[in-house]
Every structure is written in structure tokens, then in C-alpha cells.
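Chemist: Enclosed is the structure file entry-v7.txt (compact mmCIF, C-alpha atoms).
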```
# COMPACT_ATOMS: atom_id res chain seq x y z
CA MET A 1 -21.11 -0.98 5.63
CA SER A 2 -24.64 -0.30 6.86
CA PRO A 3 -26.62 2.12 4.64
CA THR A 4 -27.01 4.39 7.67
CA ALA A 5 -23.39 4.21 8.84
CA PRO A 6 -21.27 7.31 8.24
CA PRO A 7 -18.71 6.89 5.45
CA THR A 8 -15.71 7.16 7.74
CA ILE A 9 -12.18 6.60 6.44
CA PHE A 10 -9.27 5.11 8.37
CA LEU A 11 -6.09 6.64 6.97
CA SER A 12 -3.18 4.32 7.75
CA ILE A 13 0.33 5.81 7.69
CA ALA A 14 3.62 4.21 8.75
CA SER A 15 6.45 6.74 8.84
CA TYR A 16 10.17 6.10 9.16
CA LEU A 17 12.34 9.15 9.94
CA ASP A 18 10.21 11.09 7.48
CA PRO A 19 10.33 14.91 7.57
CA MET A 20 7.18 14.94 5.39
CA LEU A 21 4.94 13.20 7.93
CA PHE A 22 3.25 16.35 9.23
CA PHE A 23 2.91 17.73 5.71
CA THR A 24 1.02 14.56 4.80
CA LEU A 25 -1.24 14.66 7.86
CA ASN A 26 -2.12 18.32 7.42
CA ASP A 27 -2.67 17.99 3.68
CA ALA A 28 -4.97 14.98 4.07
CA VAL A 29 -7.25 16.77 6.51
CA ALA A 30 -7.12 20.17 4.78
CA LYS A 31 -8.04 18.72 1.39
CA ALA A 32 -10.83 16.39 2.61
CA THR A 33 -14.41 17.33 1.77
CA ARG A 34 -15.55 15.84 5.08
CA PRO A 35 -12.51 16.03 7.37
CA GLU A 36 -14.59 15.16 10.42
CA LEU A 37 -14.99 11.63 9.03
CA ILE A 38 -11.24 10.97 8.79
CA SER A 39 -9.35 8.99 11.43
CA LEU A 40 -5.57 8.87 11.13
CA GLY A 41 -3.55 5.91 12.37
CA VAL A 42 0.11 6.93 12.60
CA VAL A 43 3.07 4.70 13.40
CA ASP A 44 5.97 7.13 13.80
CA GLN A 45 9.39 5.46 13.74
CA HIS A 46 11.49 8.40 14.85
CA VAL A 47 14.30 9.14 17.28
CA GLU A 48 12.10 11.75 18.98
CA ASP A 49 8.64 11.15 20.34
CA GLN A 50 6.52 13.67 18.43
CA ARG A 51 3.26 13.29 20.33
CA GLY A 52 3.54 16.90 21.53
CA ALA A 53 3.44 18.10 17.93
CA ILE A 54 0.57 15.70 17.24
CA ALA A 55 -1.35 17.10 20.22
CA ALA A 56 -0.92 20.62 18.82
CA LEU A 57 -2.67 19.74 15.56
CA PRO A 58 -6.20 21.16 15.27
CA PHE A 59 -7.45 17.66 14.45
CA ALA A 60 -5.40 15.93 17.17
CA ARG A 61 -8.41 14.03 18.53
CA GLN A 62 -8.70 12.26 15.18
CA VAL A 63 -5.11 10.94 15.33
CA ARG A 64 -4.12 7.61 16.87
CA TYR A 65 -0.40 7.90 17.37
CA VAL A 66 2.21 5.26 18.19
CA HIS A 67 5.86 6.24 18.58
CA LEU A 68 8.67 3.71 18.12
CA HIS A 69 12.40 4.28 18.24
CA PRO A 70 14.00 3.32 14.87
CA GLN A 71 16.25 0.84 16.67
CA ASP A 72 13.19 -1.10 17.82
CA THR A 73 11.45 -1.46 14.47
CA LEU A 74 11.40 -4.39 12.05
CA GLY A 75 10.61 -2.86 8.66
CA VAL A 76 7.72 -1.51 6.65
CA SER A 77 5.45 -4.57 6.77
CA TRP A 78 5.81 -4.78 10.55
CA ALA A 79 5.09 -1.05 10.88
CA ARG A 80 2.05 -1.23 8.61
CA SER A 81 0.78 -4.21 10.56
CA THR A 82 1.05 -2.07 13.69
CA ALA A 83 -0.82 0.75 11.94
CA PHE A 84 -3.60 -1.70 11.00
CA SER A 85 -4.00 -2.45 14.72
CA LEU A 86 -5.21 1.16 15.14
CA TYR A 87 -8.23 0.49 12.94
CA ASP A 88 -11.52 0.91 14.81
CA GLY A 89 -14.30 -0.18 12.50
CA GLU A 90 -14.24 2.67 9.98
CA ALA A 91 -16.19 2.10 6.76
CA PHE A 92 -13.14 2.53 4.53
CA LEU A 93 -9.38 2.09 4.59
CA LEU A 94 -6.87 4.29 2.80
CA GLN A 95 -3.21 3.35 3.15
CA VAL A 96 -0.60 5.81 1.91
CA ASP A 97 3.05 6.57 2.51
CA SER A 98 4.09 9.38 4.86
CA HIS A 99 5.17 11.60 1.94
CA THR A 100 1.87 11.99 0.12
CA LEU A 101 0.05 14.96 -1.42
CA PHE A 102 -3.74 14.98 -1.75
CA GLU A 103 -6.06 16.57 -4.27
CA PRO A 104 -8.97 18.67 -2.96
CA GLY A 105 -11.95 16.40 -2.35
CA TRP A 106 -9.86 13.22 -2.38
CA ASP A 107 -12.15 11.51 0.10
CA GLU A 108 -15.33 12.02 -1.91
CA GLN A 109 -13.52 11.00 -5.10
CA LEU A 110 -12.52 7.68 -3.55
CA ARG A 111 -15.92 7.02 -1.99
CA LYS A 112 -17.63 7.68 -5.34
CA LEU A 113 -15.20 5.45 -7.23
CA HIS A 114 -15.63 2.66 -4.69
CA ALA A 115 -19.43 2.86 -5.05
CA GLN A 116 -19.09 2.56 -8.83
CA LEU A 117 -16.79 -0.43 -8.53
CA ARG A 118 -19.22 -2.15 -6.17
CA GLU A 119 -21.40 -2.63 -9.24
CA ARG A 120 -18.60 -4.81 -10.68
CA SER A 121 -17.27 -6.47 -7.53
CA ALA A 122 -18.41 -7.29 -4.01
CA LYS A 123 -14.93 -6.46 -2.66
CA PRO A 124 -13.16 -3.87 -4.81
CA ILE A 125 -9.70 -2.49 -4.04
CA VAL A 126 -8.53 0.75 -5.68
CA SER A 127 -4.75 0.71 -6.05
CA THR A 128 -1.91 1.72 -8.34
CA TYR A 129 1.41 3.54 -8.11
CA PRO A 130 0.54 7.22 -7.59
CA TYR A 131 1.91 9.88 -9.90
CA ARG A 132 4.76 11.94 -8.46
CA PHE A 133 4.90 15.34 -6.86
CA ASP A 134 8.00 17.39 -6.15
CA MET A 135 8.89 20.06 -3.62
CA VAL A 136 10.19 23.15 -5.44
CA ASP A 137 11.38 25.93 -3.11
CA GLY A 138 9.20 24.43 -0.39
CA VAL A 139 6.08 24.36 -2.58
CA PRO A 140 4.57 21.06 -3.81
CA GLN A 141 4.13 20.79 -7.56
CA TYR A 142 2.40 18.06 -9.55
CA THR A 143 0.71 17.46 -12.88
CA PRO A 144 -2.75 15.91 -12.63
CA SER A 145 -3.34 12.81 -14.74
CA GLU A 146 -5.45 13.29 -17.85
CA GLY A 147 -7.74 10.37 -17.07
CA ARG A 148 -7.23 8.64 -20.43
CA THR A 149 -5.14 5.74 -19.16
CA ALA A 150 -4.96 3.43 -16.18
CA LEU A 151 -1.58 2.67 -14.67
CA VAL A 152 -1.47 -1.12 -14.77
CA LEU A 153 1.06 -2.80 -12.47
CA ARG A 154 3.08 -5.50 -14.20
CA PRO A 155 6.26 -7.48 -13.41
CA HIS A 156 9.45 -5.65 -14.34
CA PRO A 157 11.38 -7.47 -17.10
CA GLU A 158 14.67 -7.17 -15.19
CA LYS A 159 13.57 -9.58 -12.43
CA ASN A 160 12.38 -13.11 -13.15
CA LEU A 161 11.03 -15.87 -10.98
CA ALA A 162 13.30 -18.72 -9.86
CA PRO A 163 12.55 -21.99 -8.03
CA ASP A 164 14.02 -20.51 -4.83
CA ASP A 165 12.97 -16.87 -5.29
CA ALA A 166 9.36 -15.66 -5.74
CA VAL A 167 10.25 -11.97 -5.29
CA LEU A 168 9.39 -9.82 -8.32
CA ARG A 169 9.81 -6.15 -9.13
CA PHE A 170 6.78 -4.36 -10.57
CA MET A 171 6.37 -1.31 -12.77
CA ALA A 172 3.42 0.81 -13.91
CA ARG A 173 2.45 0.77 -17.59
CA HIS A 174 -0.26 2.81 -19.32
CA LEU A 175 -3.38 1.22 -20.78
CA PHE A 176 -5.74 3.45 -22.76
CA THR A 177 -9.19 2.79 -21.35
CA THR A 178 -12.46 4.44 -20.33
CA GLU A 179 -12.98 2.56 -17.07
CA PRO A 180 -10.91 1.14 -14.20
CA VAL A 181 -8.95 -1.97 -15.14
CA MET A 182 -8.92 -5.16 -13.11
CA GLY A 183 -5.35 -5.94 -12.09
CA CYS A 184 -3.24 -8.44 -10.19
CA HIS A 185 -0.98 -6.28 -8.04
CA ILE A 186 -1.34 -3.79 -5.18
CA SER A 187 0.55 -0.60 -4.46
CA ALA A 188 1.11 -0.33 -0.72
CA GLY A 189 1.49 3.44 -1.14
CA PHE A 190 -2.08 3.85 -2.39
CA LEU A 191 -4.66 1.31 -1.35
CA PHE A 192 -8.35 2.15 -0.87
CA ALA A 193 -10.91 -0.46 0.11
CA ALA A 194 -13.67 -1.25 2.55
CA GLY A 195 -12.43 -1.14 6.13
CA SER A 196 -13.01 -4.87 6.48
CA PHE A 197 -9.83 -5.35 4.40
CA VAL A 198 -7.88 -4.70 7.63
CA GLU A 199 -9.40 -7.77 9.26
CA GLU A 200 -9.68 -10.03 6.20
CA VAL A 201 -6.19 -9.40 4.79
CA PRO A 202 -4.06 -8.56 7.83
CA TYR A 203 -0.57 -7.26 7.14
CA ASP A 204 2.11 -9.92 7.55
CA PRO A 205 4.50 -8.48 10.16
CA TYR A 206 7.12 -11.13 9.34
CA LEU A 207 7.74 -9.71 5.88
CA TYR A 208 10.29 -6.91 5.53
CA PHE A 209 10.33 -4.88 2.31
CA HIS A 210 10.52 -6.95 -0.87
CA GLY A 211 7.43 -9.06 -1.47
CA GLU A 212 5.13 -6.96 0.72
CA GLU A 213 2.84 -5.99 -2.17
CA GLN A 214 2.92 -9.45 -3.77
CA SER A 215 1.74 -10.97 -0.51
CA LEU A 216 -1.09 -8.46 -0.15
CA ALA A 217 -2.24 -8.88 -3.75
CA VAL A 218 -2.33 -12.69 -3.81
CA ARG A 219 -3.79 -13.05 -0.35
CA ALA A 220 -6.50 -10.48 -1.15
CA PHE A 221 -7.32 -12.16 -4.48
CA THR A 222 -7.60 -15.62 -2.93
CA ARG A 223 -9.94 -14.17 -0.32
CA GLY A 224 -12.31 -12.84 -2.97
CA TRP A 225 -11.11 -9.25 -3.32
CA ASP A 226 -10.70 -7.64 -6.75
CA ILE A 227 -7.95 -5.11 -7.53
CA PHE A 228 -8.79 -2.20 -9.83
CA HIS A 229 -6.39 0.32 -11.35
CA PRO A 230 -8.22 3.68 -11.71
CA LEU A 231 -7.98 6.27 -14.49
CA THR A 232 -7.13 9.02 -12.02
CA THR A 233 -5.67 9.04 -8.53
CA PRO A 234 -6.31 11.84 -6.00
CA VAL A 235 -2.98 11.25 -4.22
CA TYR A 236 0.60 11.94 -5.31
CA HIS A 237 3.87 10.50 -4.04
CA LEU A 238 7.24 12.11 -3.31
CA TYR A 239 9.55 9.55 -4.88
CA LYS A 240 13.15 8.99 -3.84
CA THR A 241 15.98 8.78 -6.38
CA GLU A 242 16.55 5.12 -7.17
CA GLY A 243 19.97 3.82 -6.11
CA THR A 244 20.61 6.69 -3.72
CA PRO A 245 21.08 5.89 0.00
CA TYR A 246 18.75 7.71 2.39
CA GLU A 247 18.66 7.75 6.17
CA SER A 248 14.93 7.14 5.79
CA HIS A 249 15.66 3.69 4.39
CA HIS A 250 15.18 1.21 7.22
CA TRP A 251 18.35 -0.70 6.33
CA HIS A 252 20.54 2.42 6.27
CA GLY A 253 22.55 3.79 9.17
CA GLU A 254 23.71 2.80 12.61
CA ALA A 255 20.30 1.73 13.87
CA ASP A 256 20.36 -1.40 11.73
CA ALA A 257 23.56 -2.66 13.35
CA LYS A 258 21.99 -2.29 16.80
CA ARG A 259 18.78 -4.18 16.10
CA ALA A 260 18.10 -7.68 17.36
CA PHE A 261 17.11 -8.59 13.78
CA GLN A 262 19.24 -6.84 11.19
CA SER A 263 18.10 -6.03 7.66
CA ALA A 264 20.07 -8.80 5.94
CA TYR A 265 18.39 -11.41 8.14
CA LEU A 266 14.94 -9.79 7.76
CA THR A 267 15.34 -9.71 3.98
CA GLU A 268 16.22 -13.40 3.79
CA ARG A 269 13.46 -14.36 6.22
CA ALA A 270 10.92 -12.46 4.14
CA LYS A 271 12.15 -14.12 0.95
CA GLN A 272 11.70 -17.59 2.42
CA ARG A 273 8.27 -16.63 3.75
CA LEU A 274 7.14 -15.37 0.35
CA ASN A 275 8.45 -18.54 -1.26
CA ARG A 276 6.26 -20.60 1.09
CA LEU A 277 3.23 -18.43 0.35
CA LEU A 278 3.51 -18.43 -3.45
CA MET A 279 5.47 -21.59 -4.31
CA GLY A 280 5.14 -23.78 -1.23
CA ASP A 281 2.44 -24.77 1.23
CA GLY A 282 0.56 -21.47 0.99
CA LEU A 283 1.64 -20.43 4.49
CA PRO A 284 -1.36 -21.79 6.43
CA GLY A 285 -2.89 -19.30 8.84
CA ALA A 286 -3.94 -15.67 8.93
CA TYR A 287 -1.05 -14.55 6.71
CA GLY A 288 -1.47 -17.28 4.11
CA LEU A 289 -3.61 -17.92 1.05
CA GLY A 290 -7.38 -17.66 1.23
CA SER A 291 -9.90 -20.28 0.15
CA ALA A 292 -12.27 -18.23 -2.03
CA ARG A 293 -10.01 -18.51 -5.11
CA THR A 294 -7.02 -20.58 -6.19
CA MET A 295 -3.54 -19.77 -7.41
CA ALA A 296 -4.58 -21.23 -10.77
CA GLN A 297 -7.24 -18.52 -11.00
CA TYR A 298 -4.65 -15.92 -10.08
CA ARG A 299 -2.42 -17.24 -12.86
CA GLU A 300 -5.27 -16.85 -15.37
CA LEU A 301 -5.82 -13.23 -14.30
CA SER A 302 -2.21 -12.16 -13.98
CA GLY A 303 -0.16 -14.33 -16.30
CA ILE A 304 2.15 -14.96 -13.34
CA ASP A 305 2.67 -18.68 -12.82
CA TYR A 306 4.52 -19.03 -9.55
CA ALA A 307 4.41 -22.83 -9.65
CA ASN A 308 6.30 -23.01 -12.94
CA GLN A 309 8.19 -19.71 -12.63
CA THR A 310 6.84 -18.25 -15.88
CA ILE A 311 5.25 -14.87 -16.71
CA SER A 312 2.98 -14.13 -19.69
CA ASP A 313 1.09 -11.02 -20.80
CA PRO A 314 -2.69 -11.22 -20.23
CA PHE A 315 -3.11 -7.79 -21.90
CA GLY A 316 -1.92 -9.03 -25.30
CA GLY A 317 0.63 -6.26 -25.83
CA GLN A 318 -1.87 -3.43 -25.24
CA LEU A 319 0.22 -1.83 -22.48
CA CYS A 320 2.51 1.06 -23.34
```
Rewrite the coordinates I just gave you, this time as C-alpha cells.

Modeler:
Amino acid sequence: MSPTAPPTIFLSIASYLDPMLFFTLNDAVAKATRPELISLGVVDQHVEDQRGAIAALPFARQVRYVHLHPQDTLGVSWARSTAFSLYDGEAFLLQVDSHTLFEPGWDEQLRKLHAQLRERSAKPIVSTYPYRFDMVDGVPQYTPSEGRTALVLRPHPEKNLAPDDAVLRFMARHLFTTEPVMGCHISAGFLFAAGSFVEEVPYDPYLYFHGEEQSLAVRAFTRGWDIFHPLTTPVYHLYKTEGTPYESHHWHGEADAKRAFQSAYLTERAKQRLNRLLMGDGLPGAYGLGSARTMAQYRELSGIDYANQTISDPFGGQLC
């Protein structure tokens, strides 16, 4: 970013049948210190075209809106790839889910944190799983983090690597610290970086759901980007109940049966694609590994050895 360029933020949001979309849009703009510097890229996968409601927003001119019928969509990675196509050179990127709550001054908090991290890295990424918020009688409620720990993203012990399956589950674990912690994994629901991330680490539209964040993390790392888990996050996430079916799951409902590519096929295709990326030929091309760093260097940072399907703890048991 040029020293004289305005610190604009491209806010990327892919929504699937989400009743919280407009809450998220309004909250982001209302809570920004400099709302005039926010551009919102919205991919709305909904039965109804909601551009009339978008046009009625007081900040409508700052919204780039694409409507897609749920029957025509191919999953979250494809939708987020489409949202990335709405980027227009903004200084920063913030990607969140369409059910997100913002703290007042979230934009200045993230700009300030990014500037601090630039002293440690040429290409910092701020990312972790956001803390939760809940809607109680129509009013959002959340508990701000105390700022004494970073939420470090680590592989979940219930899912291991296998020679034919590179997909892992990840979980957030606390690390007591006084500064952001360098990590190995990205949360797609909270990712803040320089806007050039959009062009250097383009979203792979051929992934589906599982493996999306692994692909982003490894491809970013091998292109010279560094992931940092912060002590506080100015965004909060409305989490679903695990194991409960929702219509807002892409694979749920009648739409899936009508698609040219159904969820079972997309899931298997994504699995094979991730296997190529992490345990095969590196998936040559725009959606493959970079050349700035190697997978051996990623293994040293993360403890995740995709080649030999082993996982070790680089934090030496400090996580709780």
C-alpha cells in the first residue's frame, strides 16, 4: 500500500440462505470508525434476489452485490472465490461469515494490529476462530476476550492424516502470551490481511467445504505470508449447534438433489484435490503451492507432516 493511499478495507462475505446477512452488513458499517472506507463484496446465495433491500441501505453505493440461486451454487469455496472477484484494489481484505458481530472501532483495531505485525513480517495475516455471540430475545450478546491468551488453531485429535486423506479438523486452544502468536492455520470466518492476498492466494473454487482452510493456510505460507493469532478479535461469530441439520448448510435440502454437481461428488472431488496439494504434486498452477517456502518449512512451523502423515506439537504442551 502506498503511504498516501487511503486505508480502504474490502469486506468479503459469502452468504447462503442466511437470515443474518443484513444484520452483519449493517453492524459492520455502523461499528466502523471510518465507514466511508469500507467496501462490501456480497455473494448472496438465496432463493430471492435481495438487491432491492441492498439498494435501500444507506451505504448501498459501497456494496457490490451478486445474487445466485442456491440450486446454482457449488459450495463455500466457490462462493468465496466469487466474492474475491469483487475486490477492486482496496488496501486491506477482511473475510468474515454472514453471521458476524463487530466491536465498535473494529476497522481501526485491525489496521493498527496489522501495522504492528508488519514490524515482524512483510506479509502478515491476522486470523483465528472468533469468539461466539448469541441472539437473546433478538439482542446480540457476547463476552469480550480478556486479551491474556491467543487462540491457537491446532489439529483436532479425533481426525488423523491417512495416505489417501489429507483432510484434518482443527480446534482453537488457548496460549497465555503477551503478543500475537505465529500459527499454521487460517480461519476462513476471520481473515484480515493486505488486499494483495486476494490476488496472491486466490480462493480455489474447486474445493467444497472440508479442506478449505488447510488449502488457504499452506498456499499462503508457501507464498511467503505469515499467519498470526491475535490476543483479541473485534469480530464475533454466531455458531451453529454441531451435529444439527440446518437449511443453511449447502448440502441440506432439495436444492442439492437438483444441482449438476451434488454435495457427495463435490466433497470427494475436494478431498482428492487437497490430497494432490498436500501429499501429491502440489497442484501446479494458481491454486497450488507457492515457491517462496517449502512444505518442509511448513512442517517445522506446524508439526504437521503431510508427507509422512504424522502430527507433532511445536508448542511443547504449552496450549491449554

Chemist: Which residue gives the smallest distance to Asp204 in chain A among A:Gln45, A:Ala270, A:Pro144, A:Ala91, with only C-alpha atoms counted?

Modeler: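 Of all the options, A:Ala270 lies closest to Asp204 in chain A.
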
Chemist: Near Tyr142 in chain A, counting all atoms listed in the file, which residues have an atom at most 12 Å away, once you skip same-chain residues fewer than 2 positions from it, shown as a VMD selection string?

Modeler: chain A and resid 100 to 103 130 to 136 139 to 140 144 to 145 234 to 238

Chemist: Counting all atoms listed in the file, select every polymer residue within 8 Å of (-1.9, 7.3, 7.2) as defined in the file's coordinates, and provide the selection as JSON, numbers by chain.

Modeler: {"A": [10, 11, 12, 13, 14, 25, 40, 41, 42, 94, 95, 96, 97, 98]}

Chemist: Set the distance at 10 Å and use all atoms listed in the file: which residues neighbour Val29 in chain A once local chain neighbours fewer than 4 positions away are removed? I'd like the list as a PDB file with C-alpha atoms, in the frame of the given file.

Modeler:
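Final output, saved to selection.pdb:
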```pdb
ATOM      1  CA  THR A  24       1.020  14.560   4.800  1.00  0.00           C
ATOM      2  CA  LEU A  25      -1.240  14.660   7.860  1.00  0.00           C
ATOM      3  CA  THR A  33     -14.410  17.330   1.770  1.00  0.00           C
ATOM      4  CA  ARG A  34     -15.550  15.840   5.080  1.00  0.00           C
ATOM      5  CA  PRO A  35     -12.510  16.030   7.370  1.00  0.00           C
ATOM      6  CA  GLU A  36     -14.590  15.160  10.420  1.00  0.00           C
ATOM      7  CA  LEU A  37     -14.990  11.630   9.030  1.00  0.00           C
ATOM      8  CA  ILE A  38     -11.240  10.970   8.790  1.00  0.00           C
ATOM      9  CA  SER A  39      -9.350   8.990  11.430  1.00  0.00           C
ATOM     10  CA  LEU A  40      -5.570   8.870  11.130  1.00  0.00           C
ATOM     11  CA  PRO A  58      -6.200  21.160  15.270  1.00  0.00           C
ATOM     12  CA  PHE A  59      -7.450  17.660  14.450  1.00  0.00           C
ATOM     13  CA  GLN A  62      -8.700  12.260  15.180  1.00  0.00           C
ATOM     14  CA  PHE A 102      -3.740  14.980  -1.750  1.00  0.00           C
ATOM     15  CA  PRO A 104      -8.970  18.670  -2.960  1.00  0.00           C
ATOM     16  CA  TRP A 106      -9.860  13.220  -2.380  1.00  0.00           C
ATOM     17  CA  ASP A 107     -12.150  11.510   0.100  1.00  0.00           C
TER      18      ASP A 107
END
```

Chemist: Of the residues A:Tyr206, A:Gly282, A:Thr128, A:Arg61, which is the one nearest to Ser81 in chain A, using only C-alpha atoms?

Modeler: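 Residue with the minimum atom-to-atom distance to Ser81 in chain A: A:Tyr206.
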
Chemist: In Å, how far is it from CA of Val198 in chain A to CA of Glu268 in chain A?

Modeler: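 Separation of CA of Val198 in chain A and CA of Glu268 in chain A: 25.9 Å.
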